[in-house]
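S.K.: For reference, the structure I am asking about is given below.
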Amino acid sequence: MVAVHPASEGAKAAVRELLSLQLEAFSSAARRTDSCAVTADQIEHLHRRFKQLSSEKPTLRKEHFDSIPDLEFNPIRCKIVQAFFDRRNLRQEEDGLADEINFEDFLTIMSYFRPIEPNMDEEQLERLRTDKLKFLFHMYDSDRDGIITLEEYRNVVEELLSGNPHLEKGAARSIADGAMLEAAQTCAGPMDADQVYEGITFDDFLKIWRGIDIETKMHVRFLNMEPMAHCC
């Protein structure tokens, strides 16, 4: 919960920088393939990649992602891997995390990274963007209650900034608090001094990311096979 006070220009700038950092951390997990459009050729490619990651087993487990070099030093590595096993992302009715995923589940996750296609209309583009943002929202909402609390947001920010040796943990917390404050003012509008902002809903999340290019940046390029040949 956040008590709302006016945000400074410095806090607003920190929020914009933080959003860019979040996209950078996510996209840097993926550096060597261009897209994940689900064509027949790419399904075949993804199936080969799935078998390579799983060591020819019918299912993938979290430990199989340990062999991906591009993820090793990513500050939000654990959250990215966990997202592959989040039943919300797998569009399953059960709650929580799956112990393993099969190839069909793998394709479901990869569908969130579908790139923009030239023939997409406005409705399709909006659905694509919403799906991508929902995937990201689930990474923040660790207790799966549909709201990103201040503590959950602090956790992600501290992980994102953990690789910066010049930034103390307290500074990362201040940035997270500023971002949450900006979210409150963006999403809840004018509030009384004694009002409390409970957290970021998905509708709020859509407002926060409005105008930020996620469609062309949210790719998973770490699925390229060639750099991994020596690991599997």
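Labels used: A, B, ... for chains in the order of the structure tokens, numbers from 1 for residues in each chain, and numbers from 1 for ligands as shown.
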So which residues of stretch 10-193 of chain A fall under helix (DSSP H, G or I) by DSSP, listed as a ChimeraX atom specification?

M.R.: /A:10-27,40-53,62-67,69-72,77-83,103-113,122-140,150-160,169-188

S.K.: Excluding stretch 124-134 of chain A and residues on its chain fewer than 3 positions from it, collect all residues at most 7 Å away from it, counting only C-alpha atoms, and give them as a PyMOL selection string.

M.R.: chain A and resi 112+120-121+137-138+215

S.K.: Mind writing the picked residues with N, CA, C and O atoms as a short mmCIF file (atom, residue, chain, number, x, y, z; two decimals), in the first residue's frame?

M.R.:
```cif
data_model
loop_
_atom_site.label_atom_id
_atom_site.label_comp_id
_atom_site.auth_asym_id
_atom_site.auth_seq_id
_atom_site.Cartn_x
_atom_site.Cartn_y
_atom_site.Cartn_z
N TYR A 112 3.31 -15.92 -26.80
CA TYR A 112 3.34 -14.57 -26.23
C TYR A 112 4.41 -13.70 -26.91
O TYR A 112 4.39 -12.48 -26.75
N MET A 120 -1.60 -7.37 -39.85
CA MET A 120 -2.40 -7.29 -38.63
C MET A 120 -3.24 -6.02 -38.61
O MET A 120 -2.74 -4.94 -38.93
N ASP A 121 -4.52 -6.16 -38.21
CA ASP A 121 -5.36 -4.98 -38.07
C ASP A 121 -5.22 -4.44 -36.64
O ASP A 121 -4.52 -5.02 -35.81
N PHE A 137 3.01 -8.86 -16.55
CA PHE A 137 2.30 -8.61 -15.30
C PHE A 137 2.41 -9.81 -14.37
O PHE A 137 2.62 -9.67 -13.16
N HIS A 138 2.27 -11.00 -14.92
CA HIS A 138 2.35 -12.21 -14.11
C HIS A 138 3.73 -12.38 -13.48
O HIS A 138 3.86 -12.97 -12.40
N GLU A 215 5.82 -4.25 -28.39
CA GLU A 215 5.53 -5.22 -29.46
C GLU A 215 6.77 -5.67 -30.20
O GLU A 215 6.90 -6.84 -30.57
#
```

S.K.: Between atom CA of A:Trp209 and atom CA of A:Asn155, what is the distance, to one decimal in Å?

M.R.: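 Taking atom CA of A:Trp209 and atom CA of A:Asn155, their separation equals 19.0 Å.
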
S.K.: Using only C-alpha atoms, pick whichever of A:Ser162, A:Gln195, A:Ser174, A:Asn119 has the shortest atom-to-atom distance to A:Asn74.

M.R.: A:Ser162

S.K.: Neighbouring residues of stretch 56-64 of chain A were defined as those with any atom within 9 Å, considering only C-alpha atoms; residues of the same chain fewer than 2 positions away were excluded. Please report them as a PDB file with N, CA and C atoms, in the first residue's frame.

M.R.:
```pdb
ATOM      1  N   PHE A  50      13.260 -27.570 -28.315  1.00  0.00           N
ATOM      2  CA  PHE A  50      12.651 -28.175 -27.131  1.00  0.00           C
ATOM      3  C   PHE A  50      13.364 -29.488 -26.782  1.00  0.00           C
ATOM      4  N   LYS A  51      13.573 -30.315 -27.785  1.00  0.00           N
ATOM      5  CA  LYS A  51      14.236 -31.604 -27.556  1.00  0.00           C
ATOM      6  C   LYS A  51      15.672 -31.401 -27.097  1.00  0.00           C
ATOM      7  N   GLN A  52      16.324 -30.374 -27.640  1.00  0.00           N
ATOM      8  CA  GLN A  52      17.697 -30.098 -27.234  1.00  0.00           C
ATOM      9  C   GLN A  52      17.753 -29.653 -25.772  1.00  0.00           C
ATOM     10  N   LEU A  53      16.853 -28.744 -25.399  1.00  0.00           N
ATOM     11  CA  LEU A  53      16.816 -28.264 -24.015  1.00  0.00           C
ATOM     12  C   LEU A  53      16.458 -29.385 -23.044  1.00  0.00           C
ATOM     13  N   SER A  54      15.533 -30.246 -23.442  1.00  0.00           N
ATOM     14  CA  SER A  54      15.055 -31.304 -22.541  1.00  0.00           C
ATOM     15  C   SER A  54      15.891 -32.563 -22.594  1.00  0.00           C
ATOM     16  N   ASP A  66      19.009 -24.167 -17.169  1.00  0.00           N
ATOM     17  CA  ASP A  66      20.347 -23.835 -16.677  1.00  0.00           C
ATOM     18  C   ASP A  66      21.391 -23.878 -17.780  1.00  0.00           C
ATOM     19  N   SER A  67      21.088 -24.569 -18.886  1.00  0.00           N
ATOM     20  CA  SER A  67      22.065 -24.722 -19.965  1.00  0.00           C
ATOM     21  C   SER A  67      22.002 -23.591 -20.985  1.00  0.00           C
ATOM     22  N   ILE A  68      21.246 -22.545 -20.693  1.00  0.00           N
ATOM     23  CA  ILE A  68      21.118 -21.420 -21.625  1.00  0.00           C
ATOM     24  C   ILE A  68      22.062 -20.302 -21.193  1.00  0.00           C
ATOM     25  N   VAL A  81      12.419 -17.748 -16.135  1.00  0.00           N
ATOM     26  CA  VAL A  81      12.246 -19.204 -16.173  1.00  0.00           C
ATOM     27  C   VAL A  81      10.916 -19.594 -15.538  1.00  0.00           C
ATOM     28  N   GLN A  82      10.604 -18.994 -14.406  1.00  0.00           N
ATOM     29  CA  GLN A  82       9.358 -19.310 -13.711  1.00  0.00           C
ATOM     30  C   GLN A  82       8.148 -19.011 -14.575  1.00  0.00           C
ATOM     31  N   PHE A  84       7.709 -19.550 -17.614  1.00  0.00           N
ATOM     32  CA  PHE A  84       7.424 -20.665 -18.513  1.00  0.00           C
ATOM     33  C   PHE A  84       6.568 -21.729 -17.836  1.00  0.00           C
ATOM     34  N   PHE A  85       6.550 -21.741 -16.493  1.00  0.00           N
ATOM     35  CA  PHE A  85       5.840 -22.779 -15.752  1.00  0.00           C
ATOM     36  C   PHE A  85       4.626 -22.234 -15.001  1.00  0.00           C
ATOM     37  N   ALA A  98       3.579 -25.169 -12.678  1.00  0.00           N
ATOM     38  CA  ALA A  98       3.686 -26.556 -13.117  1.00  0.00           C
ATOM     39  C   ALA A  98       5.095 -27.072 -12.839  1.00  0.00           C
ATOM     40  N   ASP A  99       5.216 -28.349 -12.542  1.00  0.00           N
ATOM     41  CA  ASP A  99       6.533 -28.950 -12.309  1.00  0.00           C
ATOM     42  C   ASP A  99       7.291 -29.129 -13.611  1.00  0.00           C
ATOM     43  N   GLU A 100       6.549 -29.342 -14.700  1.00  0.00           N
ATOM     44  CA  GLU A 100       7.159 -29.557 -15.999  1.00  0.00           C
ATOM     45  C   GLU A 100       6.167 -29.144 -17.087  1.00  0.00           C
ATOM     46  N   ILE A 101       6.691 -28.914 -18.260  1.00  0.00           N
ATOM     47  CA  ILE A 101       5.834 -28.553 -19.393  1.00  0.00           C
ATOM     48  C   ILE A 101       6.170 -29.436 -20.592  1.00  0.00           C
ATOM     49  N   ASN A 102       5.145 -29.748 -21.389  1.00  0.00           N
ATOM     50  CA  ASN A 102       5.382 -30.515 -22.612  1.00  0.00           C
ATOM     51  C   ASN A 102       5.525 -29.563 -23.796  1.00  0.00           C
ATOM     52  N   PHE A 103       5.651 -30.113 -24.986  1.00  0.00           N
ATOM     53  CA  PHE A 103       5.899 -29.263 -26.150  1.00  0.00           C
ATOM     54  C   PHE A 103       4.708 -28.361 -26.453  1.00  0.00           C
ATOM     55  N   PHE A 106       4.962 -25.508 -24.244  1.00  0.00           N
ATOM     56  CA  PHE A 106       6.082 -24.689 -24.715  1.00  0.00           C
ATOM     57  C   PHE A 106       5.631 -23.757 -25.842  1.00  0.00           C
TER      58      PHE A 106
END
```

S.K.: My list of candidates is A:Arg144, A:Leu71, A:Val157, A:Phe135. Which is closest to A:Glu94 when distances are computed with only C-alpha atoms?

M.R.: A:Arg144
